[in-house]
$ cat entry.csv   # CSV, C-alpha atoms
chain,number,residue,atom,x,y,z
A,1,MET,CA,-49.7,79.4,87.2
A,2,HIS,CA,-46.4,81.2,87.3
A,3,TYR,CA,-44.6,77.8,87.2
A,4,LYS,CA,-46.6,76.7,84.2
A,5,LYS,CA,-45.8,79.9,82.3
A,6,SER,CA,-42.1,79.6,83.1
A,7,TRP,CA,-42.0,76.0,82.0
A,8,LYS,CA,-43.8,76.8,78.7
A,9,LYS,CA,-41.4,79.7,78.1
A,10,LEU,CA,-38.4,77.4,78.7
A,11,LEU,CA,-39.9,74.7,76.4
A,12,SER,CA,-40.4,77.3,73.7
A,13,LEU,CA,-36.8,78.5,74.0
A,14,GLY,CA,-35.5,75.0,74.0
A,15,LEU,CA,-37.4,74.1,70.8
A,16,ALA,CA,-36.1,77.2,69.2
A,17,ALA,CA,-32.6,76.3,70.1
A,18,VAL,CA,-33.0,72.8,68.8
A,19,THR,CA,-34.4,74.2,65.5
A,20,MET,CA,-31.5,76.5,65.1
A,21,LEU,CA,-29.0,73.7,65.7
A,22,ALA,CA,-30.8,71.5,63.2
A,23,LEU,CA,-30.7,74.2,60.6
A,24,ALA,CA,-27.0,74.8,61.3
A,25,GLY,CA,-26.3,71.1,60.9
A,26,CYS,CA,-27.7,71.1,57.4
A,27,GLY,CA,-24.7,73.1,56.3
A,28,GLY,CA,-26.7,75.7,54.5
A,29,GLY,CA,-27.1,73.5,51.4
A,30,GLN,CA,-29.3,74.7,48.6
A,31,SER,CA,-29.8,71.3,47.0
A,32,SER,CA,-33.3,70.1,46.2
A,33,SER,CA,-33.1,67.5,49.0
A,34,SER,CA,-31.9,69.9,51.7
A,35,SER,CA,-35.2,69.8,53.5
A,36,GLY,CA,-35.1,67.2,56.3
A,37,GLY,CA,-31.3,67.2,56.5
A,38,LYS,CA,-28.8,64.6,55.4
A,39,GLN,CA,-26.8,61.9,57.2
A,40,THR,CA,-23.0,62.0,57.3
A,41,LEU,CA,-21.2,59.9,54.6
A,42,ALA,CA,-17.9,58.3,55.8
A,43,ILE,CA,-15.6,57.8,52.8
A,44,GLY,CA,-12.2,56.1,52.7
A,45,LEU,CA,-9.5,57.5,50.4
A,46,MET,CA,-6.2,56.1,49.3
A,47,PRO,CA,-3.0,58.2,48.4
A,48,ASP,CA,-3.7,58.2,44.7
A,49,THR,CA,-5.1,60.5,42.0
A,50,ASP,CA,-8.5,58.8,42.2
A,51,SER,CA,-9.1,60.5,45.5
A,52,LEU,CA,-8.4,64.1,44.4
A,53,PRO,CA,-12.0,65.1,43.4
A,54,PHE,CA,-13.1,64.3,47.0
A,55,LEU,CA,-10.3,66.5,48.5
A,56,ILE,CA,-11.2,69.3,46.2
A,57,ALA,CA,-15.0,69.0,46.8
A,58,GLU,CA,-14.3,69.2,50.6
A,59,GLU,CA,-11.8,72.1,50.3
A,60,LYS,CA,-14.0,74.2,47.9
A,61,GLY,CA,-17.2,73.7,49.9
A,62,TYR,CA,-19.0,71.7,47.3
A,63,PHE,CA,-20.2,69.1,49.8
A,64,ALA,CA,-21.4,71.9,52.1
A,65,ASP,CA,-23.3,73.4,49.2
A,66,GLU,CA,-25.2,70.2,49.0
A,67,GLY,CA,-26.0,70.3,52.7
A,68,LEU,CA,-23.8,67.2,53.1
A,69,LYS,CA,-21.2,66.3,55.7
A,70,VAL,CA,-18.5,64.0,54.4
A,71,ASP,CA,-16.2,62.3,56.9
A,72,ILE,CA,-13.0,61.7,54.8
A,73,GLN,CA,-10.8,59.0,56.2
A,74,GLN,CA,-7.4,58.3,54.5
A,75,TYR,CA,-5.7,55.0,54.4
A,76,LYS,CA,-2.2,53.8,53.4
A,77,SER,CA,-3.2,50.3,52.5
A,78,ALA,CA,-6.1,48.7,50.7
A,79,MET,CA,-6.3,46.1,53.5
A,80,ASP,CA,-6.9,48.8,56.2
A,81,ARG,CA,-9.5,50.5,53.9
A,82,ASP,CA,-11.4,47.2,53.3
A,83,SER,CA,-11.3,46.3,57.0
A,84,ALA,CA,-12.9,49.7,57.8
A,85,LEU,CA,-15.6,49.1,55.2
A,86,GLN,CA,-16.5,45.7,56.7
A,87,SER,CA,-16.4,46.9,60.3
A,88,GLY,CA,-18.9,49.6,59.5
A,89,ASN,CA,-16.6,52.6,59.9
A,90,LEU,CA,-17.0,53.6,56.3
A,91,ASP,CA,-20.0,53.9,54.0
A,92,GLY,CA,-17.9,53.9,50.8
A,93,ALA,CA,-14.4,54.2,49.4
A,94,VAL,CA,-12.2,54.8,46.4
A,95,SER,CA,-11.4,51.2,45.5
A,96,ASP,CA,-11.2,48.8,42.6
A,97,MET,CA,-13.2,46.0,41.0
A,98,LEU,CA,-11.1,43.2,42.5
A,99,ALA,CA,-11.7,44.5,46.0
A,100,ALA,CA,-15.4,44.7,45.4
A,101,SER,CA,-15.4,41.1,44.1
A,102,PHE,CA,-13.4,39.8,47.0
A,103,ALA,CA,-15.8,41.5,49.4
A,104,LYS,CA,-18.8,40.0,47.8
A,105,ASP,CA,-17.2,36.5,47.6
A,106,GLY,CA,-16.5,36.8,51.3
A,107,GLY,CA,-20.1,37.4,52.1
A,108,PHE,CA,-19.9,41.2,52.6
A,109,ASP,CA,-21.9,42.9,49.9
A,110,VAL,CA,-20.6,46.2,48.4
A,111,LYS,CA,-21.8,47.9,45.3
A,112,ILE,CA,-19.8,49.7,42.6
A,113,THR,CA,-21.4,53.1,42.1
A,114,SER,CA,-19.1,54.6,39.5
A,115,ALA,CA,-15.8,54.3,37.7
A,116,THR,CA,-12.8,56.5,38.6
A,117,ASP,CA,-9.8,57.8,36.6
A,118,GLY,CA,-7.1,55.7,38.0
A,119,SER,CA,-4.0,55.0,35.9
A,120,TYR,CA,-1.5,52.1,36.4
A,121,LYS,CA,1.8,52.0,34.6
A,122,LEU,CA,4.4,49.5,33.9
A,123,VAL,CA,7.7,51.4,34.2
A,124,ALA,CA,11.2,50.1,33.5
A,125,GLY,CA,14.2,51.3,35.4
A,126,LYS,CA,16.5,53.9,33.9
A,127,GLU,CA,19.2,51.3,33.2
A,128,GLU,CA,16.8,48.8,31.7
A,129,PRO,CA,17.1,48.4,27.9
A,130,ALA,CA,13.7,46.9,27.4
A,131,LYS,CA,11.4,49.1,25.3
A,132,ASP,CA,8.3,47.0,25.3
A,133,VAL,CA,6.6,44.2,27.4
A,134,GLN,CA,8.2,41.4,25.3
A,135,GLY,CA,11.6,42.9,26.2
A,136,LEU,CA,10.9,42.1,29.9
A,137,LYS,CA,10.7,38.3,29.3
A,138,GLY,CA,12.5,36.4,32.0
A,139,LYS,CA,13.3,39.6,34.0
A,140,ASP,CA,12.3,40.8,37.5
A,141,VAL,CA,9.1,42.8,37.4
A,142,SER,CA,7.5,43.8,40.7
A,143,VAL,CA,3.8,43.6,41.4
A,144,SER,CA,1.6,43.1,44.5
A,145,ARG,CA,0.0,39.6,44.4
A,146,ASN,CA,-3.7,39.2,43.7
A,147,THR,CA,-4.3,42.9,43.4
A,148,ILE,CA,-5.3,45.4,40.8
A,149,ILE,CA,-1.6,45.9,40.1
A,150,GLU,CA,-1.1,42.2,39.1
A,151,TYR,CA,-4.4,42.2,37.2
A,152,VAL,CA,-3.3,45.2,35.0
A,153,THR,CA,0.2,43.6,34.6
A,154,ASP,CA,-1.3,40.4,33.4
A,155,GLN,CA,-3.5,42.3,30.9
A,156,MET,CA,-0.4,43.9,29.5
A,157,LEU,CA,1.3,40.5,29.2
A,158,ALA,CA,-1.8,39.1,27.4
A,159,LYS,CA,-1.8,41.9,25.0
A,160,ALA,CA,1.8,41.1,24.1
A,161,ASN,CA,0.9,37.4,23.7
A,162,MET,CA,2.7,36.5,27.0
A,163,GLN,CA,1.8,34.6,30.1
A,164,GLY,CA,2.2,35.5,33.8
A,165,ASP,CA,5.2,33.2,34.2
A,166,ASP,CA,7.0,34.7,31.2
A,167,ILE,CA,8.3,37.3,33.6
A,168,ASN,CA,9.7,36.8,37.1
A,169,LYS,CA,7.1,38.4,39.3
A,170,VAL,CA,8.7,39.9,42.4
A,171,ILE,CA,6.1,40.4,45.0
A,172,ILE,CA,6.4,43.7,46.9
A,173,PRO,CA,3.1,44.9,48.4
A,174,GLN,CA,4.4,48.2,49.7
A,175,ILE,CA,4.3,50.7,46.8
A,176,PRO,CA,7.0,53.0,48.2
A,177,THR,CA,9.4,50.0,48.6
A,178,ARG,CA,8.6,48.9,45.0
A,179,LEU,CA,9.4,52.4,43.7
A,180,GLU,CA,12.7,52.5,45.7
A,181,MET,CA,13.9,49.1,44.5
A,182,LEU,CA,13.1,50.1,40.9
A,183,GLN,CA,15.0,53.4,41.2
A,184,ASN,CA,18.0,51.6,42.8
A,185,GLY,CA,18.3,49.3,39.9
A,186,LYS,CA,17.2,46.1,41.7
A,187,LEU,CA,14.3,45.5,39.4
A,188,ALA,CA,13.9,45.6,35.6
A,189,ALA,CA,10.4,47.1,35.9
A,190,ALA,CA,7.5,47.6,38.2
A,191,THR,CA,3.8,48.3,37.9
A,192,LEU,CA,2.9,51.4,39.8
A,193,PRO,CA,-0.2,53.6,40.5
A,194,GLU,CA,-0.1,57.4,40.3
A,195,PRO,CA,1.7,59.4,41.6
A,196,MET,CA,4.5,56.8,42.0
A,197,ALA,CA,4.6,56.0,38.3
A,198,SER,CA,5.1,59.7,37.4
A,199,ILE,CA,7.8,59.9,40.0
A,200,ALA,CA,9.6,56.9,38.6
A,201,ILE,CA,9.5,58.3,35.0
A,202,HIS,CA,10.5,61.8,36.3
A,203,ASN,CA,13.6,60.2,37.9
A,204,GLY,CA,14.8,58.4,34.8
A,205,GLY,CA,12.5,55.4,34.3
A,206,HIS,CA,10.7,54.9,31.0
A,207,LEU,CA,7.1,53.9,30.3
A,208,ILE,CA,6.5,50.4,28.9
A,209,ASN,CA,2.7,50.3,29.0
A,210,SER,CA,-0.3,51.5,31.0
A,211,SER,CA,-3.9,50.7,31.7
A,212,ASP,CA,-4.7,53.9,29.8
A,213,ASN,CA,-3.0,52.5,26.6
A,214,LEU,CA,-4.9,49.3,27.0
A,215,GLY,CA,-8.2,51.1,27.5
A,216,ILE,CA,-9.0,49.3,30.7
A,217,ASN,CA,-10.2,51.0,33.9
A,218,PRO,CA,-10.6,48.8,37.0
A,219,GLY,CA,-10.7,51.7,39.4
A,220,VAL,CA,-14.1,52.3,41.0
A,221,ILE,CA,-16.0,53.9,43.9
A,222,VAL,CA,-17.9,51.5,46.1
A,223,PHE,CA,-20.5,51.8,48.8
A,224,THR,CA,-21.8,49.2,51.2
A,225,GLU,CA,-25.1,47.7,50.3
A,226,LYS,CA,-26.5,49.2,53.5
A,227,ALA,CA,-25.4,52.7,52.5
A,228,THR,CA,-26.9,52.4,49.0
A,229,LYS,CA,-30.3,51.7,50.7
A,230,ASP,CA,-30.1,54.0,53.7
A,231,LYS,CA,-28.1,56.9,52.3
A,232,LYS,CA,-29.2,57.1,48.7
A,233,LYS,CA,-29.9,60.8,48.6
A,234,GLU,CA,-26.5,61.5,50.4
A,235,ILE,CA,-24.6,59.5,47.8
A,236,GLN,CA,-26.4,61.4,45.0
A,237,ALA,CA,-25.5,64.7,46.7
A,238,MET,CA,-21.9,63.5,47.0
A,239,TYR,CA,-21.8,62.8,43.2
A,240,ARG,CA,-23.1,66.3,42.4
A,241,ALA,CA,-20.3,67.8,44.5
A,242,TYR,CA,-17.8,65.3,42.9
A,243,ASN,CA,-18.8,66.4,39.4
A,244,ARG,CA,-18.2,70.0,40.3
A,245,ALA,CA,-14.7,69.0,41.6
A,246,VAL,CA,-14.0,67.3,38.3
A,247,ASP,CA,-14.9,70.5,36.5
A,248,TYR,CA,-12.6,72.4,38.7
A,249,LEU,CA,-9.6,70.0,38.2
A,250,ASN,CA,-10.1,70.0,34.5
A,251,ASN,CA,-10.5,73.8,34.1
A,252,THR,CA,-8.2,75.3,36.7
A,253,PRO,CA,-4.5,75.9,36.3
A,254,ARG,CA,-2.5,73.2,38.1
A,255,ASP,CA,-0.5,75.8,40.1
A,256,GLU,CA,-3.6,76.9,41.9
A,257,TYR,CA,-4.2,73.5,43.6
A,258,ILE,CA,-1.1,71.3,43.3
A,259,ASP,CA,0.4,72.3,46.7
A,260,PHE,CA,-2.9,71.6,48.4
A,261,VAL,CA,-3.5,68.2,46.9
A,262,ILE,CA,0.1,67.1,47.5
A,263,GLU,CA,-0.2,67.8,51.1
A,264,LYS,CA,-3.8,66.5,51.7
A,265,ALA,CA,-3.3,63.4,49.6
A,266,GLY,CA,-0.1,62.5,51.4
A,267,PHE,CA,1.9,62.4,48.1
A,268,PRO,CA,5.8,62.6,48.3
A,269,ALA,CA,7.1,66.1,47.8
A,270,GLU,CA,8.7,65.3,44.5
A,271,ALA,CA,5.3,64.5,43.1
A,272,LYS,CA,4.7,68.3,42.8
A,273,ASP,CA,6.9,68.4,39.7
A,274,ALA,CA,6.5,64.9,38.5
A,275,LEU,CA,2.8,64.2,38.8
A,276,VAL,CA,0.8,64.0,35.6
A,277,LEU,CA,-2.8,64.2,36.4
A,278,PRO,CA,-5.4,62.5,34.3
A,279,LYS,CA,-8.3,64.2,32.5
A,280,TYR,CA,-11.0,63.6,35.0
A,281,HIS,CA,-14.4,62.4,34.0
A,282,LYS,CA,-17.7,63.1,35.7
A,283,ALA,CA,-19.2,60.1,37.5
A,284,VAL,CA,-20.3,57.3,35.1
A,285,LEU,CA,-20.9,53.6,35.6
A,286,PRO,CA,-18.0,51.3,34.7
A,287,GLU,CA,-17.9,49.6,31.3
A,288,LYS,CA,-19.4,46.1,31.3
A,289,GLN,CA,-16.4,44.7,29.6
A,290,ASP,CA,-14.1,45.9,32.3
A,291,VAL,CA,-16.2,44.1,35.0
A,292,THR,CA,-16.5,41.0,32.9
A,293,ASP,CA,-12.8,40.8,32.2
A,294,CYS,CA,-11.9,41.3,35.9
A,295,ILE,CA,-14.2,38.5,37.0
A,296,LYS,CA,-12.8,36.2,34.3
A,297,TRP,CA,-9.3,36.8,35.7
A,298,LEU,CA,-10.3,36.2,39.2
A,299,ASN,CA,-12.1,33.0,38.3
A,300,ALA,CA,-9.1,31.8,36.2
A,301,LYS,CA,-6.8,32.3,39.2
A,302,ASP,CA,-9.4,30.6,41.5
A,303,LEU,CA,-9.5,33.8,43.6
A,304,VAL,CA,-13.3,34.1,43.5
A,305,LYS,CA,-15.6,31.2,43.3
A,306,GLU,CA,-18.7,32.7,41.7
A,307,THR,CA,-19.0,34.1,38.2
A,308,TYR,CA,-20.6,37.4,39.1
A,309,SER,CA,-22.6,39.4,36.6
A,310,TYR,CA,-22.4,43.1,36.0
A,311,ASP,CA,-25.7,43.6,37.9
A,312,ASP,CA,-24.4,41.6,40.8
A,313,LEU,CA,-21.7,44.2,41.4
A,314,VAL,CA,-22.9,47.5,40.0
A,315,ILE,CA,-25.8,49.7,41.1
A,316,ASN,CA,-26.9,52.9,39.4
A,317,LEU,CA,-27.4,55.7,41.9
A,318,LEU,CA,-26.1,58.5,39.7
A,319,GLY,CA,-29.5,59.9,38.8
A,320,ASP,CA,-31.5,62.3,41.0

$ encode --input "entry.csv" --output "structure tokens"
Amino acid sequence: MHYKKSWKKLLSLGLAAVTMLALAGCGGGQSSSSSGGKQTLAIGLMPDTDSLPFLIAEEKGYFADEGLKVDIQQYKSAMDRDSALQSGNLDGAVSDMLAASFAKDGGFDVKITSATDGSYKLVAGKEEPAKDVQGLKGKDVSVSRNTIIEYVTDQMLAKANMQGDDINKVIIPQIPTRLEMLQNGKLAAATLPEPMASIAIHNGGHLINSSDNLGINPGVIVFTEKATKDKKKEIQAMYRAYNRAVDYLNNTPRDEYIDFVIEKAGFPAEAKDALVLPKYHKAVLPEKQDVTDCIKWLNAKDLVKETYSYDDLVINLLGD
């Protein structure tokens, strides 16, 4: 009898300990779906301004307030990020419409869950006399081949009634190398994401055109199809925290967070003075025209075989 009583006491203590650990694992979130706990979300970020709301949400405890654990993984290249998605190491990532289309065309289904606030700028070197896109005709302009950078560049050319071969596209995949060659006068111009575009302008370059001026926004957040099914409530909790971070970025003096984001995002030190942050928007679905135009470009270049519809690529998980 004594043995049975001792065993029952140990069992009760063990169950109490497990319960306490489970409650601690919930992060103390007060969200409506905090009961039952949430799975961890693994999200891949790139060293760009699109990623900043995630870094702020983590730093300020907004994810924790939702009872959500987010495993933030940072990547230097889109190739490494996409490999991590396809290998199952990531649930989602800051990405772009082209990458989502390439993944689907390759048999790996990802879903676009929202647009981001990425900005891509065509910047001329400080010694380059061209003041507009037409002034770059026949000159060396650096892009990365078959990427969002080339897509945006081609849209700028089309707006100026020019074709892709009207400029000499110099293919430089590495963004820091592209920036360095531009600043060393080895290129007439280059298309760059933020913060590299702001750095180039700060150091004497001048803006020719941008995705903002064109009103196009190919930057998105994606999740694997599996994650959209198995972790729907976690994704929705993530977006609630994301939206709080957007409010913080838009309403807080820059000096209060710039040192933190420069360090955590892996931006060059000179970005502290040069970087011009966008006005961030709370999570919304991408515009249908942006998706349609992107697919048309991919089809025209024979990079993607299928003509995917908006619904093939986009899923709405933004509601509660």

$ residues_around --input "entry.csv" --residues "A:Gly138" --least-positions-apart "4" --cutoff "12 Å" --atoms "all atoms listed in the file" --output "VMD selection string"
chain A and resid 130 133 to 134 162 to 170 187 to 189

$ closest_residue --input "entry.csv" --among "A:Lys131, A:Lys301, A:Lys137, A:Lys264" --to "A:Gly205" --atoms "all atoms listed in the file"
A:Lys131

$ atom_distance --input "entry.csv" --atom1 "atom CA of A:Ile72" --atom2 "atom CA of A:Phe54"
8.2 Å

$ closest_residue --input "entry.csv" --among "A:Pro47, A:Gly107, A:Pro286, A:Pro53" --to "A:Lys76" --atoms "only C-alpha atoms"
A:Pro47

$ atom_distance --input "entry.csv" --atom1 "atom CA of A:Gln174" --atom2 "atom CA of A:Lys305"
27.0 Å

$ closest_residue --input "entry.csv" --among "A:Ser198, A:Gln39, A:Asn161, A:Ser142" --to "A:Asp273" --atoms "all atoms listed in the file"
A:Ser198

$ atom_distance --input "entry.csv" --atom1 "atom CA of A:Ala57" --atom2 "atom CA of A:Ala237"
11.3 Å

$ residues_near_point --input "entry.csv" --point "(-4.0, 70.7, 46.7)" --cutoff "12 Å" --atoms "only C-alpha atoms" --output "PyMOL selection string"
chain A and resi 49+51-60+245+248-249+252-267+271-272

$ residues_around --input "entry.csv" --residues "A:Val220" --least-positions-apart "4" --cutoff "10 Å" --atoms "all atoms listed in the file" --output "ChimeraX atom specification"
/A:50,93-100,111-118,283-286

$ closest_residue --input "entry.csv" --among "A:Ala78, A:Ala158, A:Leu179, A:Leu207" --to "A:Pro129" --atoms "only C-alpha atoms"
A:Leu207

$ closest_residue --input "entry.csv" --among "A:Leu275, A:Ala300, A:Met196, A:Leu313" --to "A:Ile221" --atoms "all atoms listed in the file"
A:Leu313

$ residues_around --input "entry.csv" --residues "stretch 228-230 of chain A" --least-positions-apart "3" --cutoff "8 Å" --atoms "all atoms listed in the file" --output "ChimeraX atom specification"
/A:111,223-225,235,317

$ closest_residue --input "entry.csv" --among "A:Leu192, A:Leu45, A:Leu318, A:Val123" --to "A:Glu234" --atoms "all atoms listed in the file"
A:Leu318
